[in-house]
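> See upload-v4.pdb below, with PDB, C-alpha atoms.
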```pdb
MODEL        1
ATOM      1  CA  GLU S  12     -52.942   1.442  58.136
ATOM      2  CA  SER S  13     -50.341   2.187  60.809
ATOM      3  CA  MET S  14     -51.514   3.536  64.149
ATOM      4  CA  LEU S  15     -48.465   5.790  64.085
ATOM      5  CA  PRO S  16     -49.459   9.159  62.622
ATOM      6  CA  VAL S  17     -47.576  10.045  59.437
ATOM      7  CA  VAL S  18     -47.351  13.558  57.971
ATOM      8  CA  ALA S  19     -45.455  14.318  54.766
ATOM      9  CA  LEU S  20     -43.472  17.500  54.122
ATOM     10  CA  TRP S  21     -42.474  18.819  50.678
ATOM     11  CA  GLN S  22     -43.923  15.820  48.856
ATOM     12  CA  GLY S  23     -43.668  17.584  45.491
ATOM     13  CA  VAL S  24     -45.206  15.312  42.870
ATOM     14  CA  SER S  25     -44.962  12.141  44.964
ATOM     15  CA  PRO S  26     -48.269  10.267  45.401
ATOM     16  CA  LEU S  27     -50.386  12.014  48.000
ATOM     17  CA  GLU S  28     -50.876   9.279  50.610
ATOM     18  CA  PHE S  29     -50.785  11.227  53.875
ATOM     19  CA  PRO S  30     -51.740  14.615  55.299
ATOM     20  CA  THR S  31     -49.118  16.854  53.699
ATOM     21  CA  VAL S  32     -47.614  20.317  54.161
ATOM     22  CA  ASP S  33     -45.834  21.809  51.164
ATOM     23  CA  VAL S  34     -44.614  25.018  49.538
ATOM     24  CA  ASP S  35     -46.604  26.494  46.659
ATOM     25  CA  ASN S  36     -44.061  25.990  43.879
ATOM     26  CA  ARG S  37     -46.270  27.555  41.222
ATOM     27  CA  ALA S  38     -47.012  30.725  43.178
ATOM     28  CA  GLY S  39     -43.355  31.188  44.057
ATOM     29  CA  THR S  40     -42.130  30.754  40.497
ATOM     30  CA  ILE S  41     -44.697  33.237  39.209
ATOM     31  CA  LEU S  42     -43.704  35.715  41.940
ATOM     32  CA  GLY S  43     -40.099  35.634  40.772
ATOM     33  CA  LEU S  44     -41.082  35.967  37.114
ATOM     34  CA  GLN S  45     -43.412  38.882  37.844
ATOM     35  CA  HIS S  46     -40.515  40.621  39.580
ATOM     36  CA  LEU S  47     -38.377  40.263  36.442
ATOM     37  CA  VAL S  48     -41.189  41.396  34.144
ATOM     38  CA  GLY S  49     -41.805  44.378  36.424
ATOM     39  CA  LEU S  50     -38.180  45.390  35.869
ATOM     40  CA  GLY S  51     -38.765  45.275  32.104
ATOM     41  CA  HIS S  52     -37.461  41.818  31.182
ATOM     42  CA  GLN S  53     -39.199  39.822  28.471
ATOM     43  CA  ARG S  54     -36.435  37.427  27.416
ATOM     44  CA  ILE S  55     -36.315  35.247  30.527
ATOM     45  CA  GLY S  56     -34.593  31.884  30.496
ATOM     46  CA  PHE S  57     -35.244  29.111  32.992
ATOM     47  CA  ILE S  58     -32.827  26.683  34.609
ATOM     48  CA  SER S  59     -34.717  23.582  35.661
ATOM     49  CA  ALA S  60     -32.672  21.697  38.248
ATOM     50  CA  LYS S  61     -33.359  17.996  38.686
ATOM     51  CA  LEU S  62     -35.283  17.728  41.963
ATOM     52  CA  PRO S  63     -36.220  14.556  43.898
ATOM     53  CA  GLY S  64     -39.015  12.632  42.223
ATOM     54  CA  ASP S  65     -38.528  14.509  38.942
ATOM     55  CA  ASN S  66     -40.527  17.396  40.348
ATOM     56  CA  LEU S  67     -41.138  19.774  37.443
ATOM     57  CA  GLN S  68     -43.737  22.017  39.100
ATOM     58  CA  ARG S  69     -41.481  25.081  38.950
ATOM     59  CA  GLU S  70     -40.597  24.468  35.315
ATOM     60  CA  GLN S  71     -44.240  23.960  34.379
ATOM     61  CA  ALA S  72     -45.221  27.195  36.119
ATOM     62  CA  TYR S  73     -42.533  29.044  34.128
ATOM     63  CA  ILE S  74     -43.733  27.612  30.804
ATOM     64  CA  GLU S  75     -47.364  28.508  31.566
ATOM     65  CA  PHE S  76     -46.401  32.030  32.628
ATOM     66  CA  MET S  77     -44.353  32.691  29.489
ATOM     67  CA  ARG S  78     -47.110  31.360  27.245
ATOM     68  CA  ASP S  79     -49.775  33.445  28.963
ATOM     69  CA  ARG S  80     -47.667  36.606  29.131
ATOM     70  CA  PHE S  81     -45.649  36.506  25.921
ATOM     71  CA  GLY S  82     -47.333  33.857  23.774
ATOM     72  CA  GLY S  83     -44.531  31.337  24.225
ATOM     73  CA  LEU S  84     -40.790  31.130  24.671
ATOM     74  CA  PRO S  85     -37.859  30.720  22.308
ATOM     75  CA  GLU S  86     -36.354  27.292  21.753
ATOM     76  CA  GLY S  87     -33.611  26.535  24.258
ATOM     77  CA  TYR S  88     -34.881  28.889  26.949
ATOM     78  CA  VAL S  89     -35.503  25.937  29.311
ATOM     79  CA  GLN S  90     -32.288  24.218  30.372
ATOM     80  CA  ARG S  91     -32.621  21.008  32.404
ATOM     81  CA  VAL S  92     -29.504  20.304  34.435
ATOM     82  CA  PRO S  93     -28.374  18.522  37.620
ATOM     83  CA  ASN S  94     -29.037  20.449  40.826
ATOM     84  CA  THR S  95     -25.403  21.486  41.212
ATOM     85  CA  LEU S  96     -23.203  24.554  40.834
ATOM     86  CA  ALA S  97     -21.792  23.021  37.658
ATOM     87  CA  GLY S  98     -25.348  22.512  36.384
ATOM     88  CA  GLY S  99     -25.966  26.252  36.642
ATOM     89  CA  GLU S 100     -22.704  26.994  34.823
ATOM     90  CA  THR S 101     -23.556  24.590  32.005
ATOM     91  CA  ALA S 102     -27.053  26.032  31.619
ATOM     92  CA  LEU S 103     -25.860  29.625  31.372
ATOM     93  CA  GLY S 104     -23.246  28.632  28.803
ATOM     94  CA  ALA S 105     -26.025  27.209  26.636
ATOM     95  CA  LEU S 106     -28.333  30.196  27.169
ATOM     96  CA  VAL S 107     -25.799  32.886  26.225
ATOM     97  CA  ASN S 108     -25.032  31.054  22.966
ATOM     98  CA  LEU S 109     -28.633  31.206  21.771
ATOM     99  CA  PRO S 110     -29.381  33.495  18.781
ATOM    100  CA  GLU S 111     -31.297  35.810  21.123
ATOM    101  CA  PRO S 112     -29.988  35.147  24.633
ATOM    102  CA  PRO S 113     -32.130  36.019  27.650
ATOM    103  CA  THR S 114     -31.576  39.194  29.618
ATOM    104  CA  ALA S 115     -32.677  37.416  32.803
ATOM    105  CA  VAL S 116     -32.517  33.908  34.192
ATOM    106  CA  ALA S 117     -34.835  32.293  36.716
ATOM    107  CA  ALA S 118     -33.376  29.197  38.364
ATOM    108  CA  SER S 119     -35.446  26.549  40.110
ATOM    109  CA  THR S 120     -32.868  26.304  42.939
ATOM    110  CA  ASP S 121     -30.338  28.584  44.593
ATOM    111  CA  LEU S 122     -27.596  26.048  43.970
ATOM    112  CA  THR S 123     -27.895  26.368  40.203
ATOM    113  CA  ALA S 124     -28.402  30.144  40.514
ATOM    114  CA  VAL S 125     -25.062  30.481  42.322
ATOM    115  CA  GLY S 126     -23.510  28.471  39.492
ATOM    116  CA  VAL S 127     -25.004  31.028  37.089
ATOM    117  CA  LEU S 128     -23.434  33.912  39.015
ATOM    118  CA  HIS S 129     -20.035  32.240  38.822
ATOM    119  CA  ALA S 130     -20.412  31.434  35.120
ATOM    120  CA  ALA S 131     -21.600  34.967  34.324
ATOM    121  CA  TYR S 132     -18.391  36.385  35.759
ATOM    122  CA  GLY S 133     -16.307  34.074  33.598
ATOM    123  CA  LEU S 134     -18.340  34.950  30.497
ATOM    124  CA  GLY S 135     -18.068  38.690  31.085
ATOM    125  CA  ARG S 136     -21.793  39.062  31.793
ATOM    126  CA  ILE S 137     -22.095  41.591  34.584
ATOM    127  CA  VAL S 138     -24.866  40.777  37.079
ATOM    128  CA  PRO S 139     -27.243  42.564  37.227
ATOM    129  CA  GLY S 140     -26.234  45.073  34.516
ATOM    130  CA  GLY S 141     -25.917  42.492  31.756
ATOM    131  CA  LEU S 142     -27.946  39.675  33.276
ATOM    132  CA  SER S 143     -30.484  39.445  36.085
ATOM    133  CA  VAL S 144     -30.674  36.248  38.135
ATOM    134  CA  VAL S 145     -33.402  34.912  40.451
ATOM    135  CA  GLY S 146     -32.986  31.782  42.583
ATOM    136  CA  TRP S 147     -35.343  29.609  44.612
ATOM    137  CA  ASP S 148     -35.092  28.462  48.291
ATOM    138  CA  ASP S 149     -33.075  31.277  49.954
ATOM    139  CA  LEU S 150     -30.235  29.078  51.123
ATOM    140  CA  THR S 151     -27.874  30.748  53.587
ATOM    141  CA  ILE S 152     -25.311  31.330  50.843
ATOM    142  CA  ALA S 153     -27.777  33.458  48.826
ATOM    143  CA  ALA S 154     -27.211  36.467  51.076
ATOM    144  CA  TYR S 155     -23.415  36.155  50.741
ATOM    145  CA  THR S 156     -22.945  35.865  46.994
ATOM    146  CA  VAL S 157     -21.614  38.826  45.039
ATOM    147  CA  PRO S 158     -23.977  40.324  44.142
ATOM    148  CA  GLY S 159     -26.501  39.099  46.714
ATOM    149  CA  LEU S 160     -28.970  36.701  45.125
ATOM    150  CA  THR S 161     -32.603  37.668  44.648
ATOM    151  CA  THR S 162     -34.545  34.525  45.496
ATOM    152  CA  LEU S 163     -37.742  32.909  46.777
ATOM    153  CA  ARG S 164     -37.587  32.137  50.487
ATOM    154  CA  MET S 165     -39.069  28.799  51.504
ATOM    155  CA  PRO S 166     -41.358  29.138  54.547
ATOM    156  CA  THR S 167     -39.445  26.279  56.186
ATOM    157  CA  HIS S 168     -40.379  27.169  59.757
ATOM    158  CA  ASP S 169     -44.091  27.412  58.978
ATOM    159  CA  ILE S 170     -44.113  24.146  57.022
ATOM    160  CA  ALA S 171     -42.275  22.202  59.737
ATOM    161  CA  ALA S 172     -44.377  23.703  62.530
ATOM    162  CA  GLU S 173     -47.620  22.849  60.765
ATOM    163  CA  GLY S 174     -46.418  19.310  60.091
ATOM    164  CA  VAL S 175     -45.634  18.811  63.783
ATOM    165  CA  ARG S 176     -49.001  20.333  64.773
ATOM    166  CA  ILE S 177     -50.894  17.914  62.523
ATOM    167  CA  ALA S 178     -48.865  14.938  63.771
ATOM    168  CA  ILE S 179     -49.589  15.816  67.417
ATOM    169  CA  GLU S 180     -53.282  16.269  66.636
ATOM    170  CA  LEU S 181     -53.427  12.837  64.985
ATOM    171  CA  ALA S 182     -51.555  11.236  67.882
ATOM    172  CA  ARG S 183     -53.964  12.711  70.424
ATOM    173  CA  ASP S 184     -57.114  11.809  68.522
ATOM    174  CA  THR S 185     -57.066   8.319  67.028
ATOM    175  CA  ASN S 186     -60.409   9.050  65.348
ATOM    176  CA  ALA S 187     -59.095  12.123  63.498
ATOM    177  CA  SER S 188     -59.091  11.816  59.715
ATOM    178  CA  ARG S 189     -55.846  10.651  58.166
ATOM    179  CA  GLU S 190     -57.106  11.077  54.632
ATOM    180  CA  PRO S 191     -54.611  12.540  52.167
ATOM    181  CA  MET S 192     -54.750  16.346  52.039
ATOM    182  CA  VAL S 193     -52.271  19.120  51.372
ATOM    183  CA  LYS S 194     -51.763  22.516  52.951
ATOM    184  CA  CYS S 195     -49.547  24.890  50.972
ATOM    185  CA  TYR S 196     -47.555  27.901  52.133
ATOM    186  CA  GLU S 197     -46.473  30.608  49.726
ATOM    187  CA  PRO S 198     -42.808  31.589  49.564
ATOM    188  CA  THR S 199     -41.590  35.171  49.934
ATOM    189  CA  LEU S 200     -39.628  37.100  47.318
ATOM    190  CA  ILE S 201     -36.347  38.335  48.785
ATOM    191  CA  VAL S 202     -34.976  41.089  46.542
ATOM    192  CA  ARG S 203     -31.209  41.532  46.662
ATOM    193  CA  GLU S 204     -28.707  42.905  44.153
ATOM    194  CA  SER S 205     -28.806  40.264  41.380
ATOM    195  CA  THR S 206     -31.807  41.763  39.573
ATOM    196  CA  ALA S 207     -32.155  45.106  37.725
ATOM    197  CA  PRO S 208     -33.790  46.482  34.558
ATOM    198  CA  PRO S 209     -32.330  45.125  31.305
ATOM    199  CA  SER S 210     -29.536  47.172  29.784
ATOM    200  CA  SER S 211     -30.797  46.651  26.218
TER     201      SER S 211
ENDMDL
END
```
Would you give me this structure, written as structure tokens?

Amino acid sequence: ESMLPVVALWQGVSPLEFPTVDVDNRAGTILGLQHLVGLGHQRIGFISAKLPGDNLQREQAYIEFMRDRFGGLPEGYVQRVPNTLAGGETALGALVNLPEPPTAVAASTDLTAVGVLHAAYGLGRIVPGGLSVVGWDDLTIAAYTVPGLTTLRMPTHDIAAEGVRIAIELARDTNASREPMVKCYEPTLIVRESTAPPSS
């Protein structure tokens, strides 16, 4: 009921109470998975980092994609971990010990993906020859890992700019609708050196 205009950004799965600008988590996850499938990967694991509000949109998109494309996924292919470098390391350790380990890993954040790159080196899994890795967010560090991390770039500038535009519009027009709504922007796939066709 406040006269002060409120606009939410990146609300994830939080209750939609305000005009909102967000990233399309589902579209981005599918974009990354399609990239891996296009390279020939079928055994694709997923590292689901704990995001604010227990946002599982990226994990759910992965599960739906694998069911639609391959009829399901092996047990253990989804690893839920803290959104930390150590979380990525722990997840990869579990994935490589599966009876049929994945040839590629999609991570729901760059932070866990960088942890995967570090763990892969320690486990003797050459990236991308022995394991392809895709991250999510395109943090600054993603361009400086070795190899460079293929990832989904968040349209941060567009989301922030649109949020400010809506807020200014609401401030100027007190009669403008403040009903909950959401405008989504699709991320962009940034292909670097961490993805390649499977070696076997």
> Where does the PyMOL selection byres ((chain S and resi 113-122) around 9) land in this file, that is, which residues does it pick, as number ranges by chain?
S: 40, 43-44, 47, 52-62, 69-70, 73, 88, 94-96, 98-99, 103, 106-107, 109, 111-112, 123-127, 139, 141-150, 152-153, 160, 162-163, 206, 209-211
> Would you please work out which residue, of S:Pro85, S:Pro208, S:Pro158, S:Gly140, is nearest to S:His46 when using all atoms listed in the file?
S:Pro208
> What are the centre and the three edge lengths of an axis-aligned box that wraps all atoms of stretch 133-144 of chain S in the file, given that 8 Å is added to every side, written as AutoDock Vina command-line options and rounded to one decimal in Å?

```
--center_x -23.5 --center_y 39.6 --center_z 34.3 --size_x 30.4 --size_y 27.0 --size_z 23.6
```
> Expressed in Å to a single decimal, how great is the separation between atom CA of S:Ile179 and atom CA of S:Glu28?
18.1 Å
> I need the residue nearest S:Ala178 from this list: S:Pro191, S:Gly49, S:Pro30, S:Gly23. Use only C-alpha atoms for the distance.
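Ranking S:Pro191, S:Gly49, S:Pro30, S:Gly23 by distance to S:Ala178, first place goes to S:Pro30.
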> What does the distance from atom CA of S:Ala38 to atom CA of S:Tyr196 come to in Å, to one decimal?
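Between atom CA of S:Ala38 and atom CA of S:Tyr196 the gap works out to 9.4 Å.
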> Between atom CA of S:Ala207 and atom CA of S:Ile137, measure the distance and give it in Å to one decimal.
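So the two atoms, atom CA of S:Ala207 and atom CA of S:Ile137, lie 11.1 Å apart.
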> Go through the shown structure with the PyMOL selection byres ((chain S and resi 29) around 7) and write out the matching residues as a ChimeraX atom specification.
/S:17-19,27-28,30-31,189-192
> Which one of S:Val32, S:Ile41, S:Val92, S:Leu181 sits closest to S:Thr199 if you count all atoms listed in the file?
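Comparing S:Val32, S:Ile41, S:Val92, S:Leu181 against S:Thr199, the winner is S:Ile41.
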> May I ask which of the residues S:Leu20, S:Val34, S:Leu134, S:Val48 is the closest one to S:Ala105, counting only C-alpha atoms?
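When distances to S:Ala105 are compared using only C-alpha atoms, the smallest one comes from S:Leu134.
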> Considering all atoms listed in the file, state which residue in the set S:Leu200, S:Cys195, S:Leu67, S:Ala72 is at the smallest distance from S:Asp169.
S:Cys195
> Name the closest residue to S:Pro16 among the candidates S:Val193, S:Ala182, S:Ala97, S:Ile201; distances are taken between atoms, counting all atoms listed in the file.
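Of S:Val193, S:Ala182, S:Ala97, S:Ile201, the one nearest S:Pro16, counting all atoms listed in the file, is S:Ala182.
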